[in-house]
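Listing of work04.cif; format and content: mmCIF, C-alpha atoms.
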data_query
#
loop_
_atom_site.label_atom_id
_atom_site.label_comp_id
_atom_site.auth_asym_id
_atom_site.auth_seq_id
_atom_site.Cartn_x
_atom_site.Cartn_y
_atom_site.Cartn_z
CA MET P 8 100.03 84.09 102.89
CA SER P 9 103.32 85.01 101.27
CA LEU P 10 104.34 82.70 98.44
CA ALA P 11 107.06 84.39 96.40
CA HIS P 12 107.42 83.21 92.82
CA GLN P 13 104.36 80.97 93.10
CA THR P 14 100.83 81.07 91.66
CA TRP P 15 97.84 80.73 93.94
CA LYS P 16 94.52 79.97 92.26
CA SER P 17 91.55 80.82 94.39
CA ALA P 18 89.78 77.82 95.85
CA HIS P 19 86.54 79.80 95.99
CA ARG P 20 86.40 82.60 93.46
CA ARG P 21 85.10 86.03 94.43
CA PRO P 22 82.74 88.01 92.18
CA ALA P 23 84.05 88.39 88.65
CA GLU P 24 84.20 92.17 88.77
CA ARG P 25 86.43 92.12 91.88
CA LEU P 26 88.79 89.64 90.25
CA ALA P 27 88.94 91.68 87.03
CA SER P 28 89.75 94.83 88.99
CA ALA P 29 92.52 93.10 90.92
CA VAL P 30 94.04 91.64 87.74
CA ALA P 31 94.04 95.09 86.15
CA ALA P 32 95.84 96.48 89.18
CA ILE P 33 98.42 93.69 88.97
CA LEU P 34 99.16 94.49 85.33
CA LEU P 35 99.68 98.15 86.14
CA LEU P 36 102.17 97.23 88.87
CA LEU P 37 104.29 95.30 86.39
CA VAL P 38 104.84 98.32 84.11
CA PRO P 39 108.58 98.99 84.30
CA PHE P 40 109.98 102.24 85.66
CA HIS P 41 111.23 104.94 83.26
CA ALA P 42 114.62 104.33 81.67
CA GLY P 43 115.85 107.63 83.10
CA GLN P 44 115.72 106.11 86.54
CA ALA P 45 118.38 103.49 85.77
CA GLN P 46 121.21 105.76 86.90
CA GLU P 47 119.41 106.47 90.18
CA ARG P 48 119.24 102.76 90.90
CA SER P 49 123.06 102.61 91.09
CA SER P 50 122.73 104.16 94.57
CA GLY P 51 119.70 102.09 95.42
CA ILE P 52 119.35 99.03 97.62
CA GLN P 53 121.58 95.99 97.17
CA ARG P 54 120.06 93.53 99.65
CA VAL P 55 118.16 93.04 102.89
CA LYS P 56 120.78 92.97 105.68
CA THR P 57 118.57 92.15 108.68
CA ILE P 58 114.94 91.93 109.71
CA GLY P 59 114.36 93.38 113.15
CA PHE P 60 111.73 94.38 115.67
CA THR P 61 111.38 95.87 119.14
CA VAL P 62 111.00 93.61 122.17
CA GLY P 63 110.11 94.20 125.81
CA ASP P 64 111.85 91.24 127.47
CA MET P 65 115.05 90.48 125.58
CA ASP P 66 116.03 87.35 127.48
CA ARG P 67 112.63 85.73 126.97
CA GLU P 68 112.49 86.64 123.29
CA ALA P 69 116.06 85.58 122.48
CA SER P 70 115.49 82.30 124.31
CA PHE P 71 112.35 81.63 122.27
CA PHE P 72 114.10 82.11 118.94
CA ALA P 73 117.15 80.09 120.00
CA ASN P 74 115.50 77.24 121.88
CA VAL P 75 112.24 76.84 119.93
CA LEU P 76 113.08 77.97 116.39
CA GLY P 77 116.75 77.01 116.15
CA PHE P 78 118.33 80.46 115.77
CA GLU P 79 121.95 80.99 116.88
CA LYS P 80 122.80 84.09 118.92
CA THR P 81 125.72 85.88 117.25
CA ALA P 82 125.85 89.20 119.11
CA ASP P 83 124.54 90.82 122.31
CA PHE P 84 125.55 94.44 122.99
CA ARG P 85 124.32 97.90 123.98
CA VAL P 86 124.52 101.26 122.27
CA VAL P 87 123.92 104.67 123.83
CA GLY P 88 124.51 108.22 122.66
CA SER P 89 122.93 111.14 120.83
CA GLU P 90 123.69 109.56 117.45
CA TYR P 91 121.20 106.80 118.19
CA ASP P 92 118.58 109.29 119.44
CA THR P 93 118.80 110.93 116.02
CA LEU P 94 118.73 107.62 114.18
CA VAL P 95 115.62 106.11 115.77
CA GLY P 96 113.76 109.34 116.55
CA VAL P 97 113.51 108.59 120.28
CA PHE P 98 115.17 110.78 122.93
CA ASN P 99 117.69 109.50 125.49
CA VAL P 100 117.99 105.94 124.17
CA ASN P 101 119.98 103.08 125.63
CA MET P 102 119.38 100.04 123.44
CA ARG P 103 120.26 96.40 124.01
CA ILE P 104 120.58 94.66 120.65
CA VAL P 105 120.72 90.92 120.07
CA GLN P 106 121.42 89.48 116.64
CA LEU P 107 120.46 85.90 115.81
CA LYS P 108 121.28 83.91 112.70
CA LEU P 109 119.29 81.22 110.92
CA GLY P 110 120.97 79.79 107.85
CA GLU P 111 122.41 82.80 106.02
CA GLN P 112 119.89 85.33 107.32
CA ILE P 113 120.09 87.52 110.42
CA ILE P 114 117.35 88.95 112.62
CA GLU P 115 117.87 91.78 115.09
CA LEU P 116 115.96 92.21 118.36
CA THR P 117 116.09 95.63 120.06
CA GLN P 118 115.12 96.31 123.67
CA TYR P 119 114.86 99.88 124.89
CA VAL P 120 116.50 99.99 128.31
CA SER P 121 115.94 103.77 128.23
CA PRO P 122 113.42 105.22 127.73
CA PRO P 123 111.10 102.41 128.88
CA THR P 124 109.60 100.17 126.24
CA GLY P 125 106.71 101.86 124.44
CA ARG P 126 103.25 100.53 123.77
CA PHE P 127 102.35 96.85 123.55
CA ILE P 128 100.90 95.22 120.46
CA PRO P 129 97.10 95.56 120.72
CA VAL P 130 95.57 92.38 122.09
CA TRP P 131 92.92 92.44 119.39
CA SER P 132 95.10 92.55 116.27
CA ASN P 133 94.26 91.02 112.91
CA SER P 134 96.27 90.14 109.83
CA ASN P 135 94.66 93.02 107.92
CA ASP P 136 95.73 95.71 110.43
CA ALA P 137 98.47 97.90 108.92
CA TRP P 138 100.90 97.31 111.81
CA PHE P 139 100.85 93.58 111.04
CA GLN P 140 104.29 92.51 109.78
CA HIS P 141 105.90 89.11 109.98
CA MET P 142 108.84 87.09 108.73
CA ALA P 143 108.58 83.72 107.00
CA ILE P 144 110.85 81.03 108.43
CA VAL P 145 111.61 78.18 106.03
CA VAL P 146 111.38 74.65 107.43
CA GLY P 147 112.43 71.33 105.98
CA ASP P 148 109.54 69.35 107.50
CA MET P 149 106.30 71.10 108.45
CA ASP P 150 104.96 68.23 110.59
CA ALA P 151 108.13 68.16 112.70
CA ALA P 152 108.24 71.94 112.99
CA TYR P 153 104.57 72.15 113.97
CA LYS P 154 105.11 69.54 116.67
CA ILE P 155 107.77 71.81 118.18
CA LEU P 156 105.27 74.70 118.22
CA GLN P 157 102.72 72.49 119.95
CA ASP P 158 105.22 71.08 122.45
CA ASN P 159 106.10 74.65 123.46
CA ASN P 160 102.47 75.82 123.67
CA VAL P 161 103.05 78.47 121.03
CA ARG P 162 100.03 80.66 120.33
CA GLN P 163 98.77 80.30 116.77
CA ILE P 164 97.14 82.66 114.29
CA SER P 165 96.32 79.76 111.96
CA SER P 166 94.41 76.91 113.63
CA HIS P 167 96.72 74.42 111.89
CA PRO P 168 99.25 74.24 109.04
CA ILE P 169 97.63 74.56 105.62
CA THR P 170 98.70 72.85 102.39
CA ILE P 171 98.09 74.26 98.92
CA PRO P 172 96.09 71.56 97.10
CA ALA P 173 97.03 69.72 93.90
CA SER P 174 94.33 71.68 92.05
CA ASN P 175 96.77 74.60 92.15
CA PRO P 176 99.79 73.17 90.28
CA GLY P 177 101.88 76.32 90.61
CA ALA P 178 101.92 76.13 94.41
CA ALA P 179 100.80 72.56 95.12
CA GLY P 180 102.42 71.12 98.22
CA ILE P 181 103.52 74.38 99.81
CA LYS P 182 102.67 74.38 103.52
CA ALA P 183 102.43 77.28 105.98
CA ILE P 184 101.24 78.32 109.42
CA LYS P 185 101.20 81.70 111.17
CA PHE P 186 101.78 82.05 114.91
CA HIS P 187 102.98 84.43 117.65
CA ASP P 188 106.16 84.73 119.65
CA PRO P 189 105.80 85.33 123.44
CA GLU P 190 105.19 89.07 122.88
CA ARG P 191 102.67 88.53 120.07
CA HIS P 192 104.94 89.44 117.16
CA PRO P 193 103.52 87.52 114.19
CA LEU P 194 105.67 84.86 112.53
CA GLU P 195 105.20 82.27 109.78
CA LEU P 196 106.63 78.84 109.06
CA ILE P 197 106.72 77.91 105.39
CA PHE P 198 107.70 74.68 103.64
CA PHE P 199 108.68 74.56 99.96
CA PRO P 200 108.49 71.12 98.29
CA ALA P 201 110.82 70.21 95.42
CA GLY P 202 110.60 72.69 92.57
CA LYS P 203 109.04 75.46 94.65
CA GLY P 204 110.49 78.61 96.20
CA ASN P 205 114.01 80.01 95.98
CA ALA P 206 116.66 77.52 94.89
CA ALA P 207 118.44 78.07 98.22
CA TRP P 208 115.66 76.19 100.01
CA GLN P 209 116.16 73.08 97.86
CA ARG P 210 119.79 72.53 98.84
CA PRO P 211 120.44 69.47 101.04
CA SER P 212 120.34 70.34 104.74
CA ASP P 213 120.04 68.51 108.03
CA LYS P 214 118.50 71.58 109.66
CA LEU P 215 114.77 71.66 110.42
CA PHE P 216 114.66 75.49 110.53
CA ARG P 217 116.65 76.70 107.52
CA GLY P 218 116.44 80.46 107.08
CA ILE P 219 114.29 83.53 106.40
CA ASP P 220 112.56 83.76 103.04
CA HIS P 221 110.95 87.20 103.42
CA SER P 222 109.29 89.76 105.62
CA ALA P 223 105.67 90.48 104.69
CA MET P 224 103.83 93.64 105.74
CA THR P 225 100.17 94.56 105.55
CA VAL P 226 99.66 97.67 103.41
CA PRO P 227 96.66 99.90 102.69
CA SER P 228 98.05 100.63 99.21
CA THR P 229 100.11 98.27 97.06
CA ASP P 230 100.44 100.98 94.40
CA LYS P 231 102.14 103.40 96.80
CA GLY P 232 104.39 100.65 98.11
CA VAL P 233 105.50 99.54 94.67
CA THR P 234 106.23 103.10 93.54
CA PHE P 235 108.39 103.66 96.62
CA TYR P 236 110.33 100.39 96.73
CA ARG P 237 110.73 100.04 92.98
CA ASP P 238 111.31 103.59 91.75
CA LEU P 239 113.14 105.02 94.78
CA LEU P 240 114.89 102.03 96.38
CA GLY P 241 115.59 99.96 93.26
CA PHE P 242 113.61 96.80 94.02
CA ASN P 243 112.02 94.76 91.24
CA VAL P 244 108.39 93.69 91.29
CA GLY P 245 108.16 89.92 91.65
CA VAL P 246 105.11 87.75 91.14
CA THR P 247 101.81 89.26 92.31
CA THR P 248 98.96 86.96 93.29
CA LEU P 249 95.40 87.25 94.51
CA ASN P 250 94.92 84.79 97.38
CA SER P 251 91.48 83.77 98.64
CA GLY P 252 89.37 80.82 99.71
CA THR P 253 89.12 78.69 102.81
CA THR P 254 92.85 77.90 102.89
CA GLN P 255 93.69 81.60 103.05
CA ASP P 256 90.98 82.15 105.68
CA VAL P 257 92.60 79.57 107.97
CA LEU P 258 96.13 80.83 107.37
CA ASP P 259 95.36 84.47 108.23
CA GLY P 260 92.64 83.83 110.80
CA LEU P 261 90.21 85.97 108.78
CA LEU P 262 86.79 85.09 107.40
CA ASN P 263 86.12 85.83 103.71
CA ASP P 264 89.80 86.63 103.19
CA THR P 265 91.01 88.06 99.87
CA CYS P 266 94.63 89.24 99.87
CA LEU P 267 96.68 90.80 97.07
CA VAL P 268 100.29 89.64 97.60
CA THR P 269 103.16 91.41 95.86
CA ALA P 270 106.77 90.26 96.12
CA MET P 271 109.39 93.03 96.03
CA MET P 272 112.81 91.69 95.14
CA PRO P 273 116.17 93.33 95.93
CA PRO P 274 119.08 92.53 93.59
CA SER P 275 120.24 89.85 96.04
CA ALA P 276 117.78 87.54 97.83
CA PRO P 277 116.71 85.83 100.05
CA PRO P 278 115.31 87.51 102.00
CA HIS P 279 112.94 89.81 100.16
CA VAL P 280 109.94 91.98 101.07
CA GLU P 281 106.27 91.34 100.40
CA PHE P 282 103.13 93.48 100.53
CA LEU P 283 99.83 92.08 101.79
CA GLU P 284 96.85 94.20 100.73
CA TYR P 285 93.59 92.82 102.10
CA LYS P 286 90.69 93.46 99.75
CA THR P 287 88.36 91.68 102.18
CA PRO P 288 87.31 91.58 104.94
CA PRO P 289 86.93 95.33 105.58
CA GLY P 290 87.92 96.98 108.84
CA GLY P 291 91.72 96.73 108.88
CA ARG P 292 93.15 99.57 110.96
CA LEU P 293 95.85 102.03 109.83
CA MET P 294 99.31 102.31 111.36
CA PRO P 295 99.11 104.73 114.33
CA ALA P 296 100.48 108.06 113.13
CA GLU P 297 102.48 108.56 116.34
CA SER P 298 104.27 105.19 116.13
CA LYS P 299 107.76 105.17 117.63
CA ALA P 300 110.71 102.79 117.33
CA ASN P 301 110.28 101.67 120.97
CA ASP P 302 106.67 100.50 120.42
CA LEU P 303 106.51 96.70 120.36
CA TRP P 304 104.74 96.67 116.98
CA ASN P 305 107.78 98.38 115.42
CA TRP P 306 109.54 96.31 112.75
CA GLN P 307 112.44 97.55 110.68
CA VAL P 308 113.84 95.92 107.57
CA THR P 309 117.48 97.00 107.18
CA LEU P 310 118.46 97.65 103.57
CA VAL P 311 122.03 98.10 102.31
CA SER P 312 122.89 100.96 99.94
CA ASN P 313 126.31 101.73 98.47
CA ASN P 314 125.65 105.50 98.60
CA ILE P 315 123.28 106.44 101.39
CA GLN P 316 123.76 110.20 101.00
CA ALA P 317 122.65 110.09 97.37
CA LEU P 318 119.74 107.86 98.30
CA ALA P 319 118.71 110.18 101.14
CA GLY P 320 118.71 113.13 98.75
CA ARG P 321 116.50 111.28 96.32
CA LEU P 322 114.09 110.32 99.11
CA ARG P 323 113.86 113.92 100.37
CA GLN P 324 113.15 115.16 96.88
CA ALA P 325 110.36 112.59 96.60
CA GLY P 326 108.81 113.72 99.90
CA ALA P 327 109.54 110.57 101.91
CA GLN P 328 108.86 110.63 105.66
CA PHE P 329 112.13 110.72 107.63
CA ILE P 330 112.40 109.28 111.15
CA SER P 331 116.05 110.36 111.39
CA SER P 332 116.64 114.06 110.79
CA SER P 333 119.71 113.24 108.68
CA VAL P 334 122.13 110.46 107.79
CA VAL P 335 123.82 109.34 111.02
CA ALA P 336 127.53 108.48 111.24
CA ILE P 337 127.87 105.49 113.57
CA PRO P 338 130.65 105.84 116.18
CA GLN P 339 133.75 103.83 115.30
CA GLU P 340 133.50 101.57 118.34
CA ALA P 341 130.00 100.40 117.34
CA GLN P 342 130.50 99.94 113.60
CA GLY P 343 131.83 96.40 113.96
CA LYS P 344 128.93 95.39 116.22
CA LEU P 345 126.17 96.91 114.13
CA GLY P 346 127.80 96.03 110.81
CA PHE P 347 127.47 99.45 109.17
CA LYS P 348 129.03 102.92 109.33
CA LYS P 349 126.15 105.17 108.26
CA ALA P 350 122.41 104.83 108.74
CA LEU P 351 119.07 106.53 108.21
CA MET P 352 115.55 105.55 109.25
CA ILE P 353 112.47 106.43 107.21
CA ARG P 354 108.86 105.32 106.88
CA ASP P 355 107.52 103.93 103.64
CA PRO P 356 104.22 105.34 102.31
CA ASN P 357 102.26 102.69 104.21
CA GLY P 358 103.84 103.61 107.56
CA HIS P 359 106.35 100.77 107.98
CA ALA P 360 109.81 101.67 109.32
CA VAL P 361 112.83 101.04 107.09
CA ARG P 362 116.48 101.38 108.13
CA LEU P 363 118.87 102.26 105.32
CA VAL P 364 122.57 101.60 105.94
CA GLU P 365 125.95 101.92 104.24
CA GLU P 366 128.51 99.31 105.24
#

Render the structure in this file as structure tokens.
Amino acid sequence: MSLAHQTWKSAHRRPAERLASAVAAILLLLVPFHAGQAQERSSGIQRVKTIGFTVGDMDREASFFANVLGFEKTADFRVVGSEYDTLVGVFNVNMRIVQLKLGEQIIELTQYVSPPTGRFIPVWSNSNDAWFQHMAIVVGDMDAAYKILQDNNVRQISSHPITIPASNPGAAGIKAIKFHDPERHPLELIFFPAGKGNAAWQRPSDKLFRGIDHSAMTVPSTDKGVTFYRDLLGFNVGVTTLNSGTTQDVLDGLLNDTCLVTAMMPPSAPPHVEFLEYKTPPGGRLMPAESKANDLWNWQVTLVSNNIQALAGRLRQAGAQFISSSVVAIPQEAQGKLGFKKALMIRDPNGHAVRLVEE
């Protein structure tokens, strides 16, 4: 489960040596980057612009987010041309893009009209598989939100919403449930009681579904992820927690679940990014090496930089994996629709796609 800025005390502690090892790893992650990197961060990431993923049936997916989860459609358009082939690393693309807003956050759904949609999400997928990525949708009332999921026969990862117990004062009262959209993209509802979560979620609102707190991605290596997002992209390491016990088991749908959760914070949030490294159970599968942007398991967090050329140079020097062969200049007629003028797609060290843009 992703609980930024909160403390989760294990309901059932694992062996002492495993806990000690995890705590040591957490302390190492919090060591600040070298002072010489401060100048590099001036061309780093400012904020998360959108959270997006690939869909097979746009109308069905957009309807689900609008009619079940309260999102508002703000744009529906197509882009085609060699610039986009270069950007996404797929030949001969014609993409239909729908943007939906919830609160102040925007998600972006992409359907590949050409070439045909790639591979489906494996039917047998678990929270500890490396292609598992989700976004956490903040709700004002978990009982009311869960009733909507039930009324719409939404498929669930968690058997029911969980509540962090009073024995954990740092996170007591936080509620969450994980579930699937119609194409099996994983999603999460999260409720923050008074005094918990980002201050934005405590403002008065008459909306049941309020916004996006973060996107969380399963990673084989937290260390590699932190080095990349902190030292190259300019994120800060937020609170890191070790989550385990029966509550975590139910939330993730995994038995004997122990998950190291690390919040990565851009200068402006929400939303932010989180890493989920599953220490147990074993058996989580790696991201397929041949993953493409038109595969339905493809997610892309779009990050805004004020100097994408400088950032691209730094990433090349560091040996980052590029999906785009170079920074792409977006045609003038599409800049207003997409909301940026230059873009580049890369993969982080754990295989997740990231789109870097300059507005």

How close does each residue of region 182-275 of chain P get to region 97-116 of chain P, giving the shortest atom pair and distance in Å to one decimal for every residue with an atom at most 7 Å away, counting all atoms listed in the file, sorted by chain and residue number, as a tab-separated table?
residue	atom	partner	partner_atom	distance
P:Arg217	CA	P:Gly110	CA	5.3
P:Gly218	CA	P:Gly110	CA	4.6
P:Ile219	CA	P:Gln112	CA	6.0

For this session: Name the closest residue to Phe127 (chain P) among the candidates P:Glu366, P:Asp64, P:Glu195, P:Glu281; distances are taken between atoms, counting only C-alpha atoms.
Result: P:Asp64

For this session: Name all residues at most 9 Å from Asn243 (chain P) (count only C-alpha atoms; drop same-chain ones fewer than 3 positions away) and give them as a list in words.
Result: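 The contact residues come out as Pro39, Val233, Tyr236, Arg237, Asp238, Ala270, Met271, Met272, Pro273 and Pro274 of chain P.
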
Problem set entry | Resolved residues for the PyMOL selection byres ((chain P and resi 128-138) around 9) as a VMD selection string | chain P and resid 126 to 127 139 to 140 164 190 to 193 224 to 227 259 to 261 266 283 to 285 287 to 295 302 to 306 357 to 359

Problem set entry | Atomic distance CA of Tyr119 (chain P) - CA of Val308 (chain P), expressed in Å with one decimal |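 That distance, rounded to one decimal, is 17.8 Å.
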
For this session: Measure the distance from CA of Asn205 (chain P) to CA of Leu310 (chain P) in Å and round it to one decimal.
Result: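 Interatomic distance here is 19.7 Å.
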
Problem set entry | Within 7 Å of region 318-321 of chain P using only C-alpha atoms, minus same-chain residues under 3 positions, as a VMD selection string | chain P and resid 50 to 51 314 to 315 324 to 325

For this session: Name the residues captured by the PyMOL selection byres ((chain P and resi 334) around 8) when it is applied to the shown file; answer as a ChimeraX atom specification.
Result: /P:94,315-316,319,331-333,335-336,349-351

For this session: With the file shown as input, list the residues that the PyMOL selection byres ((chain P and resi 360) around 10) selects, as number ranges by chain.
Result: P: 60, 95, 298-300, 305-309, 328-330, 352-359, 361-363

Exercise. Closest to Ala327 (chain P) among P:Gly125, P:Gly241, P:Gly232, P:Gly96, using all atoms listed in the file?
Worked result: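 Ranked by minimum distance to Ala327 (chain P), first place goes to P:Gly232.
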
Exercise. Distance CA of Val145 (chain P)-CA of Asp220 (chain P), one decimal place?
Worked result: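 CA of Val145 (chain P) sits 6.4 Å away from CA of Asp220 (chain P).
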
Exercise. From the list P:Val364, P:Ala69, P:Val311, P:Leu345, which residue is nearest Phe84 (chain P) when using only C-alpha atoms?
Worked result: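 The closest residue to Phe84 (chain P) is P:Leu345.
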
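Near Val280 (chain P), within 6 Å and counting all atoms listed in the file, sit His221, Ser222, Ala223 and Met271 of chain P; same-chain residues fewer than 4 positions away were not included.
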